[in-house]
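Engineer: Handing you this structure, nothing more for now.
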Amino acid sequence: MKVVIDGSAASVAVADAENLQGLSVELRDVTPERAGELLGDWGRVDGDHVWLDIATLKAKCPFPRSAEWDEQFAGAMAYAGKKGWTDVTGTRVRAHIEKRRGLMVTRELAAFVHDAPEATSPRAVEVAKQAVLDLFGVTVAGASEEAGKLALAYARSQGGAGTAAVLGGGVRLTPALAALANGTAGHALDYDDIGLGAGHISVAILPAVWALAEDTGADGAAFIDALVVAYEVAHRLTTMYPDTRLGPYAAGYHKPSVYSSLGAAAGCARLLGLPAEETAHALGIAASQAGGLRANFGTMTKPLHAGIANRTGIEAALLARSGFTASQEILEQRFGWHDVICRGEGDLDVVLDGLAETGSTRPYAIEEGLIFKGYPCCGANHCAIGGMVGLLRETGLTEPDIAEVDVWIERRNLEDVLVYPWARTPLEGKFSLAYNVAAAMVDGAVTVDTFTEPARERLTAYRDKVRVHATPDLPADGARIRVVTHDGRTVEKEQLVVRGSLRDPMTWADLTEKFHGNLRGRVAGDEDVAAAIADLEHCAKLTAVTEPLVG
């Protein structure tokens with residue numbers, strides 16, 4: 001016997017009543033929260049189960065019924081009581097919810113974007129401001145990189161003078177073009193934050209929401225609210241997988257392009273106050289722009305992925321507002337986002353788990369915190385860099401003392417992410433473990449200057465000193481270093497945590513120091529900007545924050 005709760009028909013009915021060997025509940029086009037509302041006298045939802053009223057269940061079974069069926073039904077309920085599947089009163093029986101089928105994920109997410117409680121929790125506000133401070137500094141620094149300069153030159157060539165600041169670019173452009181330039185510059189150094197399963201999440205979302213907020217005259221509180229909701233949507237799309245290196249990432253897609261482009265669209269829709277129907281169209285438009293190939297790691301196109309995600313988010317929301325349409329089931333339908341980009345892998349339904357409580361009794365995802373980088377390169381290098389720097393500091397060794405270095409990291413990071421045995425270009429250096437360990441050994445640090453052509457040429461002389469190995473016995477980002485000295489000593493160090501991670505988070509003071517370092521020599525007034533960001537929730541006009549950073 002099965003109880004079918006159908007959201008599209010707003011109905012509850014019994015199916016397969018003749019089969020009394022089992023009892024289950026099937027949800028069709030409905031979330032558990034909505035199912036609970038539809039049940040009424042039938043019972044109530046309790047996690048993965050439903051407590052069904054036995055009298056109602058029997059009364060609602062299709063007629064005609066026989067005396068034999070009545071006897072079998074009573075026997076089935078008696079058996080359930082013996083197994084502990086009825087409540088203490090014996091009036092309700094527990095039924096398992098089958099794997100949900102056909103949930104309207106796109107529409108439910110769109111409704112959440114419109115209806116979610118305002119993001120005002122102190123923790124959500126705190127992390128949002130941390131993200132702004134860190135990314136703005138990284139973006140100004142990245143504007144001097146070739147990718148940042150070329151992206152800005154392209155944006156300016158499109159004749160898009162407007163209201164949105166290009167950080168370090170000396171110009172204001174239309175929101176979409178400013179977000180393209182800022183997103184690209186913000187990821188050019190690979191120095192921006194990581195988190196919530198979506199990889200480089202802030203750089204692919206925040207520039208879009210900020211640019212649109214400047215353009216619409218939104219205040220700091222409205223910006224933070226939209227940003228928190230945007231992060232929530234991007235994060236939820238990653239929850240289909242126990243490890244977000246599965247699914248689209250394993251297939252070769254870059255996570256910001258897959259998840260954060262939809263998050264950016266959601267944030268922009270929230271900021272514009274789009275109704276749920278238009279927000280669903282915005283998600284549909286953005287989903288058709290999802291992509292970003294990992295083969296472009298180590299080139300200028302990797303940071304361009306972030307720029308495109310931001311531009312997509314703004315354009316999708318503005319098009320939807322204008323009446324432009326898209327599939328409102330883009331995530332779940334055949335040939336949609338999950339079917340194509342995710343190859344049908346992962347349980348899309350879990351994206352909606354706990355959605356109704358989020359922002360009220362359940363915290364927003366951003367409250368977990370973000371991972372802020374201490375080194376301007378792929379995060380898979382960071383434990384090895386920290387381990388090498390720490391080993392030198394603890395032992396007093398310097399490069400001339402060292403005969404050889406062995407470094408071990410997790411196999412997938414070595415084979416799928418840090419794909420360059422040695423850097424042929426400065427950008428490839430950001431994805432070369434040997435190169436970063438050599439830089440840490442020679443210079444005692446890895447900085448922005450590590451990824452320049454003079455540094456690459458200088459460090460190549462030390463290439464043969466460093467050997468890298470894959471191992472299955474380290475966590476995803478951990479590293480083990482072994483140094484052999486010229487006088488025959490062997491020193492080892494294991495590094496499993498780095499500063500800036502969730503286990504050892506950066507403080508506001510740490511992030512402020514990084515911010516000032518990124519701005520030094522580039523723009524003035526950074527003390528005032530940092531103070532304004534610290535009070536962002538009370539800021540009435542966002543252009544006042546960015547004016548000193550335009551340069």
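Just remember, in the structure tokens the first chain shown is A, the second B, etc., residues are 1-based per chain, and ligands are 1-based in the order shown.
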So that I can see what lies close to Leu397 of chain A, please list as number ranges by chain the residues with an atom at most 10 Å from it, counting only C-alpha atoms and leaving out residues fewer than 6 positions away in the same chain.

Structural biologist: A: 391, 441, 483, 485

Engineer: From a DSSP calculation on the backbone, collect every residue of segment 120-248 of chain A in alpha helix (DSSP H) and output the set as a PyMOL selection string.

Structural biologist: chain A and resi 122-142+146-157+175-188+206-216+220-238+248

Engineer: Which residues are close to segment 201-213 of chain A, i.e. within 7 Å by only C-alpha atoms, leaving aside same-chain residues fewer than 4 positions away? Reply as a PDB file with N, CA and C atoms, in the first residue's frame.

Structural biologist:
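Saved the output as around25.pdb:
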```
ATOM      1  N   ALA A 131      34.095  38.695   3.410  1.00  0.00           N
ATOM      2  CA  ALA A 131      34.212  38.386   1.986  1.00  0.00           C
ATOM      3  C   ALA A 131      34.447  39.645   1.160  1.00  0.00           C
ATOM      4  N   LEU A 135      37.901  40.241  -0.887  1.00  0.00           N
ATOM      5  CA  LEU A 135      37.809  40.248  -2.347  1.00  0.00           C
ATOM      6  C   LEU A 135      38.135  41.607  -2.938  1.00  0.00           C
ATOM      7  N   ALA A 164      28.615  51.462 -12.030  1.00  0.00           N
ATOM      8  CA  ALA A 164      29.258  50.420 -11.228  1.00  0.00           C
ATOM      9  C   ALA A 164      30.775  50.531 -11.298  1.00  0.00           C
ATOM     10  N   PRO A 175      26.573  47.688 -15.008  1.00  0.00           N
ATOM     11  CA  PRO A 175      26.769  46.612 -14.037  1.00  0.00           C
ATOM     12  C   PRO A 175      27.345  45.323 -14.624  1.00  0.00           C
ATOM     13  N   ALA A 178      31.061  45.897 -15.571  1.00  0.00           N
ATOM     14  CA  ALA A 178      31.877  46.071 -14.368  1.00  0.00           C
ATOM     15  C   ALA A 178      32.062  44.741 -13.646  1.00  0.00           C
ATOM     16  N   ALA A 179      30.999  43.952 -13.561  1.00  0.00           N
ATOM     17  CA  ALA A 179      31.080  42.660 -12.888  1.00  0.00           C
ATOM     18  C   ALA A 179      31.984  41.700 -13.646  1.00  0.00           C
ATOM     19  N   ASN A 182      35.570  43.025 -12.829  1.00  0.00           N
ATOM     20  CA  ASN A 182      35.944  42.783 -11.431  1.00  0.00           C
ATOM     21  C   ASN A 182      36.064  41.300 -11.118  1.00  0.00           C
ATOM     22  N   GLY A 183      35.161  40.484 -11.673  1.00  0.00           N
ATOM     23  CA  GLY A 183      35.244  39.049 -11.428  1.00  0.00           C
ATOM     24  C   GLY A 183      36.520  38.460 -11.993  1.00  0.00           C
ATOM     25  N   GLY A 186      39.431  39.775  -9.922  1.00  0.00           N
ATOM     26  CA  GLY A 186      39.390  39.208  -8.586  1.00  0.00           C
ATOM     27  C   GLY A 186      39.909  37.794  -8.504  1.00  0.00           C
ATOM     28  N   HIS A 187      39.902  37.088  -9.635  1.00  0.00           N
ATOM     29  CA  HIS A 187      40.391  35.704  -9.650  1.00  0.00           C
ATOM     30  C   HIS A 187      41.741  35.574 -10.351  1.00  0.00           C
ATOM     31  N   ASP A 192      41.681  34.701  -3.974  1.00  0.00           N
ATOM     32  CA  ASP A 192      40.355  34.953  -3.417  1.00  0.00           C
ATOM     33  C   ASP A 192      39.858  33.748  -2.622  1.00  0.00           C
ATOM     34  N   ASP A 193      38.771  33.945  -1.894  1.00  0.00           N
ATOM     35  CA  ASP A 193      38.315  32.919  -0.950  1.00  0.00           C
ATOM     36  C   ASP A 193      37.722  31.691  -1.635  1.00  0.00           C
ATOM     37  N   ILE A 194      37.542  30.636  -0.820  1.00  0.00           N
ATOM     38  CA  ILE A 194      36.956  29.364  -1.238  1.00  0.00           C
ATOM     39  C   ILE A 194      35.918  29.000  -0.195  1.00  0.00           C
ATOM     40  N   GLY A 195      34.873  28.297  -0.606  1.00  0.00           N
ATOM     41  CA  GLY A 195      33.982  27.815   0.435  1.00  0.00           C
ATOM     42  C   GLY A 195      32.639  27.323  -0.015  1.00  0.00           C
ATOM     43  N   GLY A 217      21.081  51.773  -6.365  1.00  0.00           N
ATOM     44  CA  GLY A 217      21.066  52.604  -5.178  1.00  0.00           C
ATOM     45  C   GLY A 217      20.742  51.855  -3.907  1.00  0.00           C
ATOM     46  N   ALA A 218      20.919  50.528  -3.915  1.00  0.00           N
ATOM     47  CA  ALA A 218      20.638  49.726  -2.721  1.00  0.00           C
ATOM     48  C   ALA A 218      21.642  50.061  -1.616  1.00  0.00           C
ATOM     49  N   PHE A 223      22.336  44.820   0.173  1.00  0.00           N
ATOM     50  CA  PHE A 223      23.402  44.085  -0.505  1.00  0.00           C
ATOM     51  C   PHE A 223      23.758  42.817   0.263  1.00  0.00           C
ATOM     52  N   LEU A 227      23.437  38.957  -1.018  1.00  0.00           N
ATOM     53  CA  LEU A 227      24.643  38.146  -1.113  1.00  0.00           C
ATOM     54  C   LEU A 227      24.484  36.836  -0.339  1.00  0.00           C
ATOM     55  N   PRO A 256      32.880  27.369 -10.024  1.00  0.00           N
ATOM     56  CA  PRO A 256      32.218  28.681 -10.074  1.00  0.00           C
ATOM     57  C   PRO A 256      31.290  28.846 -11.271  1.00  0.00           C
ATOM     58  N   SER A 260      28.036  28.857  -9.065  1.00  0.00           N
ATOM     59  CA  SER A 260      27.947  30.257  -8.647  1.00  0.00           C
ATOM     60  C   SER A 260      27.291  31.149  -9.683  1.00  0.00           C
ATOM     61  N   SER A 261      27.286  30.740 -10.940  1.00  0.00           N
ATOM     62  CA  SER A 261      26.568  31.535 -11.935  1.00  0.00           C
ATOM     63  C   SER A 261      25.075  31.571 -11.603  1.00  0.00           C
ATOM     64  N   GLY A 263      23.976  31.069  -8.481  1.00  0.00           N
ATOM     65  CA  GLY A 263      23.933  31.843  -7.251  1.00  0.00           C
ATOM     66  C   GLY A 263      23.923  33.334  -7.526  1.00  0.00           C
ATOM     67  N   ALA A 264      24.728  33.762  -8.482  1.00  0.00           N
ATOM     68  CA  ALA A 264      24.759  35.186  -8.838  1.00  0.00           C
ATOM     69  C   ALA A 264      23.411  35.639  -9.378  1.00  0.00           C
ATOM     70  N   GLY A 267      21.086  35.992  -6.417  1.00  0.00           N
ATOM     71  CA  GLY A 267      21.370  37.193  -5.635  1.00  0.00           C
ATOM     72  C   GLY A 267      20.875  38.450  -6.314  1.00  0.00           C
ATOM     73  N   CYS A 268      21.062  38.510  -7.633  1.00  0.00           N
ATOM     74  CA  CYS A 268      20.594  39.691  -8.370  1.00  0.00           C
ATOM     75  C   CYS A 268      19.074  39.750  -8.393  1.00  0.00           C
ATOM     76  N   ALA A 306      35.093  33.362 -13.659  1.00  0.00           N
ATOM     77  CA  ALA A 306      34.441  34.131 -12.596  1.00  0.00           C
ATOM     78  C   ALA A 306      33.791  35.378 -13.165  1.00  0.00           C
ATOM     79  N   GLY A 307      34.484  36.050 -14.077  1.00  0.00           N
ATOM     80  CA  GLY A 307      33.905  37.237 -14.701  1.00  0.00           C
ATOM     81  C   GLY A 307      32.625  36.922 -15.436  1.00  0.00           C
ATOM     82  N   ALA A 309      30.592  34.370 -14.911  1.00  0.00           N
ATOM     83  CA  ALA A 309      29.542  34.000 -13.953  1.00  0.00           C
ATOM     84  C   ALA A 309      28.840  35.238 -13.409  1.00  0.00           C
ATOM     85  N   ASN A 310      29.604  36.268 -13.108  1.00  0.00           N
ATOM     86  CA  ASN A 310      29.016  37.517 -12.618  1.00  0.00           C
ATOM     87  C   ASN A 310      28.179  38.216 -13.689  1.00  0.00           C
ATOM     88  N   ARG A 311      28.733  38.312 -14.878  1.00  0.00           N
ATOM     89  CA  ARG A 311      27.977  38.945 -15.960  1.00  0.00           C
ATOM     90  C   ARG A 311      26.682  38.181 -16.224  1.00  0.00           C
ATOM     91  N   GLY A 313      24.952  36.382 -14.109  1.00  0.00           N
ATOM     92  CA  GLY A 313      23.986  36.604 -13.034  1.00  0.00           C
ATOM     93  C   GLY A 313      23.198  37.881 -13.223  1.00  0.00           C
ATOM     94  N   ILE A 314      23.890  38.960 -13.584  1.00  0.00           N
ATOM     95  CA  ILE A 314      23.208  40.244 -13.790  1.00  0.00           C
ATOM     96  C   ILE A 314      22.311  40.188 -15.017  1.00  0.00           C
TER      97      ILE A 314
END
```

Engineer: Mind giving me the straight-line distance from atom CA of Asp349 of chain A to atom CA of Asp41 of chain A in Å, one decimal?

Structural biologist: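 These two atoms are separated by 26.1 Å.
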
Engineer: Which is closer to Glu415 of chain A than all the others in A:Ala380, A:Asp353, A:Glu214, A:Leu109, using only C-alpha atoms?

Structural biologist: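 Using only C-alpha atoms, the shortest distance to Glu415 of chain A belongs to A:Ala380.
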
Engineer: List as a PyMOL selection string the protein and nucleic acid residues near Phe515 of chain A, meaning an atom at most 9 Å away when only C-alpha atoms are counted, but skip any in the same chain fewer than 3 places from it.

Structural biologist: chain A and resi 133-138+510-512+518-520+526+530

Engineer: So that I can check the surroundings of segment 165-167 of chain A, please list as number ranges by chain every protein, DNA and RNA residue that reaches within 7 Å of it, counting only C-alpha atoms and ignoring chain neighbours fewer than 5 positions away.

Structural biologist: A: 139-140, 172-173, 178, 181-182, 546, 549-550
